[in-house]
>>> print(open('entry35.cif').read())   # mmCIF, C-alpha atoms and all ligand atoms
data_my_file
loop_
_atom_site.label_atom_id
_atom_site.label_comp_id
_atom_site.auth_asym_id
_atom_site.auth_seq_id
_atom_site.Cartn_x
_atom_site.Cartn_y
_atom_site.Cartn_z
CA SER A 331 -18.37 7.77 11.55
CA LYS A 332 -17.13 11.29 10.77
CA PRO A 333 -16.57 12.10 7.09
CA GLY A 334 -12.97 11.92 5.95
CA VAL A 335 -11.80 9.94 8.95
CA ALA A 336 -10.49 6.38 8.73
CA PRO A 337 -10.77 4.55 12.08
CA LEU A 338 -7.49 3.37 13.63
CA ILE A 339 -6.49 -0.30 13.75
CA GLU A 340 -4.16 -1.65 16.43
CA LEU A 341 -0.95 -3.33 15.28
CA ASN A 342 0.71 -6.30 17.01
CA ASP A 343 3.45 -3.99 18.38
CA GLY A 344 1.02 -1.64 20.17
CA HIS A 345 1.06 1.15 17.57
CA THR A 346 -2.01 2.06 15.49
CA ILE A 347 -2.53 2.46 11.72
CA PRO A 348 -5.35 4.38 9.97
CA SER A 349 -7.60 1.91 8.13
CA LEU A 350 -7.16 3.65 4.74
CA GLY A 351 -4.23 5.54 3.24
CA LEU A 352 -3.15 7.45 0.13
CA GLY A 353 -0.90 5.71 -2.41
CA THR A 354 1.77 7.78 -4.14
CA TRP A 355 3.28 5.52 -6.82
CA LEU A 356 2.90 6.97 -10.31
CA GLY A 357 2.74 3.51 -11.94
CA PHE A 358 4.75 1.71 -14.61
CA THR A 359 5.90 3.09 -17.94
CA LYS A 360 5.45 0.93 -21.06
CA GLU A 361 9.04 -0.28 -20.48
CA GLY A 362 8.10 -1.61 -17.04
CA THR A 363 9.99 0.92 -14.94
CA THR A 364 8.45 3.39 -12.48
CA ALA A 365 6.98 6.42 -14.24
CA PRO A 366 9.10 9.57 -13.81
CA VAL A 367 7.94 12.39 -11.56
CA LYS A 368 7.38 15.35 -13.88
CA ASP A 369 5.47 17.88 -11.79
CA ASP A 370 4.32 18.54 -8.23
CA SER A 371 1.06 16.59 -8.54
CA VAL A 372 1.97 14.18 -5.73
CA GLN A 373 2.73 17.06 -3.36
CA LYS A 374 -0.61 18.68 -4.26
CA ALA A 375 -2.40 15.33 -3.79
CA VAL A 376 -0.87 14.77 -0.34
CA GLU A 377 -1.70 18.33 0.74
CA LEU A 378 -5.35 17.91 -0.28
CA ALA A 379 -5.50 14.43 1.23
CA ILE A 380 -4.36 15.77 4.60
CA ASP A 381 -6.86 18.65 4.33
CA VAL A 382 -9.76 16.23 3.74
CA GLY A 383 -8.80 13.85 6.54
CA TYR A 384 -6.23 11.30 5.30
CA ARG A 385 -3.67 10.54 8.00
CA HIS A 386 -1.87 7.60 6.34
CA ILE A 387 0.44 8.11 3.33
CA ASP A 388 2.23 5.30 1.49
CA THR A 389 5.48 5.97 -0.38
CA ALA A 390 8.73 4.11 -1.18
CA ALA A 391 12.31 4.95 -2.08
CA ILE A 392 11.76 3.54 -5.60
CA TYR A 393 8.72 5.81 -6.31
CA SER A 394 10.80 9.03 -6.32
CA THR A 395 7.87 10.70 -4.55
CA GLU A 396 9.33 10.90 -1.03
CA GLU A 397 10.46 14.53 -1.51
CA GLN A 398 6.96 15.60 -2.52
CA VAL A 399 5.30 13.66 0.29
CA GLY A 400 7.74 15.32 2.71
CA ALA A 401 7.14 18.82 1.33
CA ALA A 402 3.37 18.37 1.69
CA ILE A 403 3.69 17.09 5.28
CA LYS A 404 5.99 19.96 6.20
CA LYS A 405 3.50 22.47 4.79
CA LYS A 406 0.48 20.96 6.55
CA ILE A 407 2.30 20.81 9.89
CA ALA A 408 3.42 24.45 9.47
CA GLU A 409 -0.18 25.48 8.70
CA GLY A 410 -1.33 23.73 11.88
CA VAL A 411 -3.62 21.33 9.99
CA VAL A 412 -1.97 18.27 11.58
CA ALA A 413 0.76 17.36 14.03
CA ARG A 414 3.45 14.84 13.09
CA GLU A 415 2.12 12.33 15.63
CA ASP A 416 -1.31 12.35 13.92
CA LEU A 417 0.22 11.14 10.65
CA PHE A 418 1.16 7.58 9.68
CA ILE A 419 3.95 7.63 7.08
CA THR A 420 5.15 4.45 5.37
CA SER A 421 8.19 4.01 3.16
CA LYS A 422 9.95 0.94 1.79
CA LEU A 423 13.46 -0.50 1.45
CA TRP A 424 14.35 -1.08 -2.20
CA ASN A 425 15.70 -4.40 -3.48
CA ASP A 426 19.25 -3.08 -3.84
CA ARG A 427 19.65 -2.46 -0.09
CA HIS A 428 19.04 -5.97 1.25
CA ALA A 429 22.43 -6.32 2.95
CA PRO A 430 21.56 -6.04 6.68
CA GLU A 431 24.04 -3.20 7.21
CA ALA A 432 22.51 -1.28 4.26
CA VAL A 433 19.06 -1.01 5.84
CA VAL A 434 19.66 1.78 8.38
CA PRO A 435 21.52 3.98 5.84
CA ALA A 436 18.74 3.44 3.27
CA LEU A 437 16.13 4.40 5.86
CA ARG A 438 18.13 7.51 6.80
CA GLU A 439 18.17 8.51 3.11
CA SER A 440 14.37 8.12 2.92
CA LEU A 441 13.98 10.17 6.12
CA ALA A 442 16.18 12.93 4.66
CA ARG A 443 14.07 13.06 1.47
CA LEU A 444 10.90 13.11 3.57
CA GLN A 445 12.37 15.72 5.98
CA LEU A 446 11.25 13.50 8.87
CA ASP A 447 13.10 12.17 11.90
CA TYR A 448 11.12 8.93 12.08
CA LEU A 449 8.80 6.80 9.97
CA ASP A 450 5.69 5.08 11.27
CA LEU A 451 6.25 2.03 9.10
CA TYR A 452 9.20 0.74 7.06
CA LEU A 453 8.68 -2.28 4.82
CA ILE A 454 11.00 -4.64 2.95
CA HIS A 455 9.48 -3.79 -0.45
CA TRP A 456 10.08 -7.24 -2.02
CA PRO A 457 11.60 -10.50 -0.77
CA VAL A 458 13.75 -10.39 -3.94
CA GLY A 459 17.16 -8.74 -3.59
CA GLN A 460 18.98 -7.20 -6.52
CA PHE A 461 22.29 -5.46 -7.04
CA GLU A 462 22.22 -2.04 -8.66
CA ASN A 463 22.94 -3.64 -12.05
CA GLY A 464 19.76 -5.73 -11.67
CA THR A 465 21.37 -9.14 -11.05
CA PHE A 466 20.00 -11.02 -8.04
CA ASP A 467 21.45 -10.39 -4.61
CA LEU A 468 20.91 -13.71 -2.81
CA THR A 469 20.93 -12.16 0.67
CA ASP A 470 18.31 -14.01 2.71
CA TYR A 471 15.37 -11.71 3.56
CA ALA A 472 15.68 -13.03 7.13
CA GLU A 473 19.10 -11.30 7.23
CA THR A 474 17.61 -8.11 5.79
CA TRP A 475 14.99 -8.32 8.56
CA LYS A 476 17.79 -8.02 11.16
CA GLY A 477 18.62 -4.63 9.65
CA MET A 478 14.94 -3.67 9.96
CA ILE A 479 14.98 -4.62 13.66
CA ASP A 480 18.12 -2.52 14.11
CA ALA A 481 16.31 0.47 12.54
CA LYS A 482 13.38 0.00 14.92
CA ASN A 483 15.68 -0.32 17.95
CA ARG A 484 17.35 2.96 16.98
CA GLY A 485 13.98 4.74 17.01
CA LEU A 486 14.12 5.58 13.31
CA VAL A 487 10.81 3.76 12.71
CA LYS A 488 7.91 2.80 14.99
CA SER A 489 6.76 -0.35 13.16
CA ILE A 490 8.40 -2.68 10.68
CA GLY A 491 6.88 -5.03 8.16
CA VAL A 492 7.21 -6.71 4.78
CA SER A 493 5.62 -6.45 1.36
CA ASN A 494 5.02 -9.02 -1.38
CA PHE A 495 5.92 -11.99 0.85
CA ASN A 496 3.93 -15.20 0.34
CA ILE A 497 2.69 -17.46 3.18
CA THR A 498 5.72 -19.77 3.01
CA GLN A 499 8.10 -16.82 3.23
CA LEU A 500 6.16 -15.29 6.13
CA GLN A 501 6.12 -18.59 8.00
CA ARG A 502 9.83 -19.00 7.47
CA LEU A 503 10.54 -15.45 8.67
CA LEU A 504 8.30 -15.93 11.74
CA SER A 505 10.16 -19.12 12.64
CA MET A 506 13.51 -17.31 12.50
CA THR A 507 12.92 -13.99 14.26
CA PRO A 508 11.83 -12.73 17.67
CA VAL A 509 10.24 -9.63 16.07
CA LYS A 510 7.05 -10.26 14.13
CA PRO A 511 6.28 -8.03 11.14
CA ALA A 512 3.46 -5.64 12.14
CA VAL A 513 2.20 -5.35 8.56
CA LEU A 514 2.12 -7.30 5.31
CA GLN A 515 1.49 -5.11 2.26
CA VAL A 516 0.27 -7.05 -0.79
CA GLU A 517 -1.96 -6.57 -3.83
CA VAL A 518 -5.65 -7.03 -2.95
CA ASN A 519 -8.58 -6.18 -5.22
CA PHE A 520 -11.64 -7.84 -6.79
CA ASN A 521 -9.54 -10.07 -9.05
CA LEU A 522 -7.02 -11.00 -6.31
CA GLN A 523 -8.86 -11.39 -3.01
CA GLN A 524 -6.03 -13.21 -1.18
CA SER A 525 -8.34 -15.11 1.20
CA GLN A 526 -5.68 -17.63 2.39
CA LEU A 527 -3.03 -14.97 2.94
CA ILE A 528 -5.51 -12.74 4.81
CA GLU A 529 -6.64 -15.68 6.95
CA PHE A 530 -3.02 -16.50 7.79
CA CYS A 531 -2.30 -12.88 8.75
CA LYS A 532 -5.42 -12.71 10.93
CA MET A 533 -4.24 -15.77 12.83
CA GLN A 534 -0.80 -14.21 13.27
CA ASN A 535 -2.20 -10.74 14.10
CA ILE A 536 -0.35 -9.18 11.15
CA ALA A 537 -2.27 -6.26 9.59
CA VAL A 538 -2.81 -6.50 5.83
CA VAL A 539 -2.39 -3.34 3.74
CA GLY A 540 -3.89 -3.77 0.28
CA TYR A 541 -2.10 -2.17 -2.67
CA THR A 542 -3.54 -1.58 -6.16
CA PRO A 543 -7.00 -1.73 -4.51
CA PHE A 544 -8.80 -0.99 -7.78
CA GLY A 545 -6.98 -3.69 -9.72
CA SER A 546 -8.40 -3.67 -13.23
CA LEU A 547 -11.67 -1.91 -12.38
CA PHE A 548 -11.04 1.07 -14.67
CA HIS A 549 -11.17 0.60 -18.45
CA SER A 550 -8.31 3.09 -18.78
CA LYS A 551 -5.99 0.92 -16.68
CA ALA A 552 -7.11 -2.66 -17.36
CA ALA A 553 -4.90 -4.89 -19.53
CA PRO A 554 -6.76 -6.50 -22.48
CA ASP A 555 -6.65 -9.92 -20.75
CA ALA A 556 -7.80 -8.64 -17.32
CA PRO A 557 -10.92 -10.36 -16.00
CA PRO A 558 -14.09 -8.38 -15.19
CA PRO A 559 -15.52 -6.40 -13.49
CA ARG A 560 -15.08 -2.89 -14.88
CA THR A 561 -16.93 0.16 -13.55
CA ASP A 562 -19.87 -0.52 -15.92
CA GLU A 563 -20.65 -3.93 -14.30
CA GLN A 564 -24.42 -3.88 -13.74
CA ALA A 565 -24.37 -5.68 -10.38
CA LEU A 566 -21.82 -3.19 -9.02
CA LEU A 567 -23.70 -0.18 -10.40
CA ARG A 568 -26.87 -1.35 -8.65
CA ILE A 569 -25.08 -1.72 -5.31
CA ALA A 570 -23.30 1.63 -5.72
CA ASP A 571 -26.59 3.40 -6.58
CA LYS A 572 -28.28 1.93 -3.54
CA TYR A 573 -25.72 3.51 -1.18
CA HIS A 574 -25.30 6.72 -3.25
CA LYS A 575 -21.67 5.76 -3.78
CA SER A 576 -19.47 5.17 -6.84
CA VAL A 577 -18.32 1.71 -7.97
CA ALA A 578 -14.80 2.76 -6.91
CA GLN A 579 -16.05 3.49 -3.39
CA VAL A 580 -17.86 0.15 -3.25
CA ALA A 581 -14.61 -1.59 -4.28
CA LEU A 582 -12.72 0.08 -1.41
CA ARG A 583 -15.53 -0.70 1.04
CA TYR A 584 -15.36 -4.38 0.08
CA LEU A 585 -11.64 -4.49 0.94
CA ILE A 586 -12.28 -2.82 4.31
CA GLU A 587 -14.90 -5.46 5.07
CA LEU A 588 -12.35 -8.16 4.17
CA GLY A 589 -10.22 -6.65 6.96
CA VAL A 590 -7.78 -5.04 4.53
CA ILE A 591 -6.36 -1.49 4.77
CA PRO A 592 -6.60 -0.07 1.22
CA ILE A 593 -4.15 2.58 -0.04
CA PRO A 594 -5.83 3.98 -3.19
CA LYS A 595 -3.65 6.32 -5.22
CA SER A 596 -5.05 9.38 -6.91
CA VAL A 597 -3.74 12.78 -7.93
CA THR A 598 -7.26 13.94 -8.92
CA PRO A 599 -8.94 16.15 -6.28
CA LYS A 600 -12.45 14.72 -6.60
CA ARG A 601 -11.17 11.13 -6.44
CA ILE A 602 -8.94 11.86 -3.45
CA ARG A 603 -12.02 13.21 -1.63
CA ASP A 604 -14.28 10.33 -2.70
CA ASN A 605 -11.84 7.52 -1.89
CA ILE A 606 -11.89 8.20 1.86
CA GLU A 607 -15.70 8.52 2.04
CA VAL A 608 -16.15 4.79 2.58
CA PHE A 609 -16.79 4.62 6.32
CA ASP A 610 -20.47 5.66 6.34
CA PHE A 611 -22.06 2.57 4.75
CA GLN A 612 -21.89 -1.20 5.06
CA LEU A 613 -22.35 -3.92 2.45
CA LYS A 614 -24.87 -6.73 2.91
CA ARG A 615 -23.65 -10.33 3.01
CA GLN A 616 -25.42 -11.02 -0.26
CA GLU A 617 -23.61 -8.08 -1.89
CA ARG A 618 -20.26 -9.33 -0.62
CA GLU A 619 -21.08 -12.75 -2.07
CA VAL A 620 -21.53 -11.20 -5.52
CA MET A 621 -18.13 -9.53 -5.18
CA LYS A 622 -16.51 -12.76 -4.00
CA THR A 623 -17.23 -14.23 -7.46
CA TYR A 624 -14.83 -11.72 -9.08
CA ASP A 625 -11.84 -13.44 -7.45
CA ARG A 626 -9.61 -14.88 -10.22
CA ASN A 627 -6.17 -15.08 -8.64
CA TYR A 628 -5.24 -12.50 -11.30
CA ARG A 629 -2.37 -10.12 -10.55
CA THR A 630 -2.24 -6.56 -11.85
CA ILE A 631 1.36 -6.27 -10.53
CA ALA A 632 3.13 -9.43 -11.73
CA VAL A 633 6.95 -8.72 -11.79
CA THR A 634 7.63 -11.83 -13.88
CA MET A 635 11.05 -10.34 -14.70
CA TRP A 636 12.13 -11.60 -11.25
CA LYS A 637 10.75 -15.12 -11.65
CA ASP A 638 14.22 -16.70 -11.64
CA SER A 639 15.10 -15.33 -8.21
CA PRO A 640 14.94 -18.02 -5.49
CA TYR A 641 12.90 -15.51 -3.50
CA TYR A 642 10.30 -14.79 -6.23
CA PRO A 643 7.04 -14.77 -4.25
CA PHE A 644 4.30 -15.47 -6.82
P1 LIG A 701 -4.74 1.94 -7.54
O1 LIG A 701 -5.56 0.72 -7.50
O2 LIG A 701 -4.69 2.82 -6.34
O3 LIG A 701 -5.22 2.77 -8.79
C1 LIG A 701 -4.70 4.03 -9.11
C2 LIG A 701 -5.35 4.49 -10.41
O4 LIG A 701 -6.77 4.63 -10.23
C3 LIG A 701 -4.85 5.82 -10.90
O5 LIG A 701 -4.80 5.73 -12.31
C4 LIG A 701 -5.93 6.79 -10.46
O6 LIG A 701 -6.00 7.89 -11.34
C5 LIG A 701 -7.17 5.94 -10.56
N1 LIG A 701 -8.23 6.29 -9.58
C6 LIG A 701 -8.05 6.47 -8.24
N2 LIG A 701 -9.23 6.71 -7.63
C7 LIG A 701 -10.18 6.69 -8.60
C8 LIG A 701 -11.59 6.88 -8.59
N3 LIG A 701 -12.24 7.12 -7.43
N4 LIG A 701 -12.25 6.80 -9.77
C9 LIG A 701 -11.58 6.56 -10.92
N5 LIG A 701 -10.25 6.36 -11.00
C10 LIG A 701 -9.55 6.43 -9.84
O7 LIG A 701 -3.26 1.50 -7.98
P2 LIG A 701 -1.77 1.65 -7.46
O8 LIG A 701 -1.01 0.62 -8.20
O9 LIG A 701 -1.32 3.05 -7.52
O10 LIG A 701 -1.82 1.17 -5.92
C11 LIG A 701 -2.05 2.05 -4.85
C12 LIG A 701 -0.78 2.29 -4.05
O11 LIG A 701 -0.28 1.08 -3.51
C13 LIG A 701 0.40 2.80 -4.87
O12 LIG A 701 0.25 4.16 -5.25
C14 LIG A 701 1.54 2.53 -3.94
O13 LIG A 701 1.59 3.50 -2.90
C15 LIG A 701 1.13 1.15 -3.39
N6 LIG A 701 1.73 0.02 -4.16
C16 LIG A 701 2.61 -0.81 -3.51
C17 LIG A 701 3.22 -1.87 -4.17
C18 LIG A 701 4.16 -2.75 -3.45
O14 LIG A 701 4.90 -3.51 -4.10
N7 LIG A 701 4.20 -2.73 -2.14
C19 LIG A 701 2.93 -2.14 -5.60
C20 LIG A 701 1.94 -1.26 -6.17
C21 LIG A 701 1.37 -0.23 -5.46
P3 LIG A 701 -5.53 9.41 -10.97
O15 LIG A 701 -4.36 9.33 -10.04
O16 LIG A 701 -5.17 9.97 -12.30
O17 LIG A 701 -6.73 10.07 -10.34
#
>>> encode(input="entry35.cif", output="structure tokens", more="lines below")
Ligand code: NDP
Amino acid sequence: SKPGVAPLIELNDGHTIPSLGLGTWLGFTKEGTTAPVKDDSVQKAVELAIDVGYRHIDTAAIYSTEEQVGAAIKKKIAEGVVAREDLFITSKLWNDRHAPEAVVPALRESLARLQLDYLDLYLIHWPVGQFENGTFDLTDYAETWKGMIDAKNRGLVKSIGVSNFNITQLQRLLSMTPVKPAVLQVEVNFNLQQSQLIEFCKMQNIAVVGYTPFGSLFHSKAAPDAPPPRTDEQALLRIADKYHKSVAQVALRYLIELGVIPIPKSVTPKRIRDNIEVFDFQLKRQEREVMKTYDRNYRTIAVTMWKDSPYYPF
């Protein structure tokens, strides 16, 4: 495969999605809210990503990075580096817009921040609804989904999907709607390999996008109680050396071989370049078996503050 190019995967609605994307969430603060955007590092990251071949960018209303993603896209289209139709742009409906009639207006607000006239993918970010004051909005996600279908019918988005839904919630949604989600976005990494959920989605032809693809691989990010491996794991270093890749690249490659579309986030130029260079090698079965043993059903993104919602997925 060509360097810096992620092959396209066909979705169940006939559209295609690049098999790796760039994440743009700046992470949690110590207080558990999304970190504030302080500079233009996300815009710079998206510009470089497009230059080096990324065509799939993941953002969300709650990340406060849509403006920067939009500015970068506008610049790269103006420079002639890409055309709009070559890009795959995802955003997400926040928990406080679950009323069906709130979906299209929320999407229009995201489009305005992104300076776009359509999205490639819009996701219900969480099955859990909340009012602005944080109390639970008990709107059924199957009702919210009707607003998503309306957005698609209006041509504001090509594909619609969900994020952080469990198998039971997906099954229930599928039994209630004529429009299947094209994508499920969930956490997938060494410590949370999601084999049942991935198997279910394969059977239903729902593409799985994997968020937080590095999980707790980096010492700098791992919680004290997070299970191994870290980047100094001998077995991983040996495999990485063999392919002249980094442990981070091996971790992304493993997800691709599980059939998952990883969306690694970085604002660091060298890492942005490295993270897409994962389509020119293939792991051996034996190597995948080593990595399978790291599965612990351990979540890096836990959201236990929502555990009392009837729609809490975990
Ligand atoms: P990731 O697993 O992508 O890890 C990001 C961290 O890893 C950053 O600290 C980054 O540092 C560092 N990093 C990236 N590449 C490398 C590398 N090659 N070597 C060493 N360190 C590296 O975590 P995220 O939680 O950000 O998940 C990815 C994306 O998934 C998010 O940005 C967001 O778009 C999406 N997401 C969706 C959620 C949902 O509910 N649907 C929830 C969480 C995430 P630096 O940037 O400083 O280089």
>>> axis_aligned_box(input="entry35.cif", around="stretch 435-448 of chain A", padding_each_side="3 Å", output="JSON")
{"center_x": 16.2, "center_y": 9.6, "center_z": 6.8, "size_x": 16.6, "size_y": 18.3, "size_z": 16.6}
>>> closest_residue(input="entry35.cif", among="A:Arg583, A:Arg603, A:Lys488, A:Lys404", to="ligand LIG 701 (chain A)", atoms="only C-alpha atoms and all ligand atoms")
A:Arg603
>>> residues_near_ligand(input="entry35.cif", ligand="ligand LIG 701 (chain A)", cutoff="7 Å", atoms="all atoms listed in the file", output="PyMOL selection string")
chain A and resi 352-357+388-389+455-456+493-494+515-517+541-545+548+551+578-579+593-598+601-602+604-605+631
>>> residues_around(input="entry35.cif", residues="stretch 369-378 of chain A", least_positions_apart="2", cutoff="8 Å", atoms="only C-alpha atoms", output="ChimeraX atom specification")
/A:352,354,367,380-382,387,395,398-399,401-403,405-406,596-599,602
>>> atom_distance(input="entry35.cif", atom1="atom CA of A:Leu503", atom2="atom CA of A:Lys637")
20.3 Å
>>> closest_residue(input="entry35.cif", among="A:Ala472, A:Lys575, A:Trp636, A:Leu567", to="A:Ser505", atoms="all atoms listed in the file")
A:Ala472
>>> residues_around(input="entry35.cif", residues="A:Asp625", least_positions_apart="6", cutoff="9 Å", atoms="only C-alpha atoms", output="PDB file with C-alpha atoms, keeping the file's coordinate frame")
ATOM      1  CA  ASN A 519      -8.580  -6.180  -5.220  1.00  0.00           C
ATOM      2  CA  PHE A 520     -11.640  -7.840  -6.790  1.00  0.00           C
ATOM      3  CA  ASN A 521      -9.540 -10.070  -9.050  1.00  0.00           C
ATOM      4  CA  LEU A 522      -7.020 -11.000  -6.310  1.00  0.00           C
ATOM      5  CA  GLN A 523      -8.860 -11.390  -3.010  1.00  0.00           C
ATOM      6  CA  GLN A 524      -6.030 -13.210  -1.180  1.00  0.00           C
TER       7      GLN A 524
END
>>> atom_distance(input="entry35.cif", atom1="atom CA of A:His428", atom2="atom CA of A:Thr474")
5.2 Å
>>> atom_distance(input="entry35.cif", atom1="atom CA of A:Val620", atom2="atom CA of A:Ala565")
7.9 Å
>>> residues_near_point(input="entry35.cif", point="(-21.7, 5.5, 7.2)", cutoff="10 Å", atoms="only C-alpha atoms", output="VMD selection string")
chain A and resid 331 to 333 573 607 to 612
>>> residues_around(input="entry35.cif", residues="stretch 443-447 of chain A", least_positions_apart="3", cutoff="7 Å", atoms="only C-alpha atoms", output="JSON, numbers by chain")
{"A": [396, 397, 399, 400, 439, 440, 486]}
>>> closest_residue(input="entry35.cif", among="A:Pro457, A:Pro559, A:Gly334, A:Gly477", to="A:Gln499", atoms="only C-alpha atoms")
A:Pro457
>>> decode(input="entry35.cif", residues="stretch 347-358 of chain A", atoms="N, CA and C atoms", output="PDB file, in the first residue's frame")
ATOM      1  N   ILE A 347     -15.599   4.634   4.249  1.00  0.00           N
ATOM      2  CA  ILE A 347     -14.906   5.305   5.367  1.00  0.00           C
ATOM      3  C   ILE A 347     -13.430   4.908   5.328  1.00  0.00           C
ATOM      4  N   PRO A 348     -12.502   5.858   5.439  1.00  0.00           N
ATOM      5  CA  PRO A 348     -11.086   5.503   5.523  1.00  0.00           C
ATOM      6  C   PRO A 348     -10.798   4.694   6.796  1.00  0.00           C
ATOM      7  N   SER A 349      -9.960   3.672   6.658  1.00  0.00           N
ATOM      8  CA  SER A 349      -9.766   2.676   7.721  1.00  0.00           C
ATOM      9  C   SER A 349      -8.888   3.146   8.885  1.00  0.00           C
ATOM     10  N   LEU A 350      -8.549   4.439   8.920  1.00  0.00           N
ATOM     11  CA  LEU A 350      -7.883   5.049  10.078  1.00  0.00           C
ATOM     12  C   LEU A 350      -8.182   6.539  10.019  1.00  0.00           C
ATOM     13  N   GLY A 351      -8.342   7.155  11.182  1.00  0.00           N
ATOM     14  CA  GLY A 351      -8.638   8.590  11.220  1.00  0.00           C
ATOM     15  C   GLY A 351      -7.830   9.287  12.307  1.00  0.00           C
ATOM     16  N   LEU A 352      -7.950  10.618  12.345  1.00  0.00           N
ATOM     17  CA  LEU A 352      -7.277  11.412  13.378  1.00  0.00           C
ATOM     18  C   LEU A 352      -8.283  11.812  14.446  1.00  0.00           C
ATOM     19  N   GLY A 353      -7.995  11.513  15.702  1.00  0.00           N
ATOM     20  CA  GLY A 353      -8.816  11.978  16.821  1.00  0.00           C
ATOM     21  C   GLY A 353      -8.466  13.413  17.167  1.00  0.00           C
ATOM     22  N   THR A 354      -9.445  14.151  17.715  1.00  0.00           N
ATOM     23  CA  THR A 354      -9.184  15.565  18.035  1.00  0.00           C
ATOM     24  C   THR A 354      -9.697  15.978  19.419  1.00  0.00           C
ATOM     25  N   TRP A 355      -9.911  14.998  20.285  1.00  0.00           N
ATOM     26  CA  TRP A 355     -10.339  15.324  21.664  1.00  0.00           C
ATOM     27  C   TRP A 355      -9.092  15.587  22.502  1.00  0.00           C
ATOM     28  N   LEU A 356      -9.122  16.671  23.283  1.00  0.00           N
ATOM     29  CA  LEU A 356      -7.916  17.009  24.061  1.00  0.00           C
ATOM     30  C   LEU A 356      -7.877  16.313  25.412  1.00  0.00           C
ATOM     31  N   GLY A 357      -8.832  15.441  25.696  1.00  0.00           N
ATOM     32  CA  GLY A 357      -8.782  14.624  26.918  1.00  0.00           C
ATOM     33  C   GLY A 357      -9.478  15.270  28.102  1.00  0.00           C
ATOM     34  N   PHE A 358      -9.468  14.564  29.223  1.00  0.00           N
ATOM     35  CA  PHE A 358     -10.108  15.038  30.453  1.00  0.00           C
ATOM     36  C   PHE A 358      -9.151  15.901  31.269  1.00  0.00           C
TER      37      PHE A 358
END
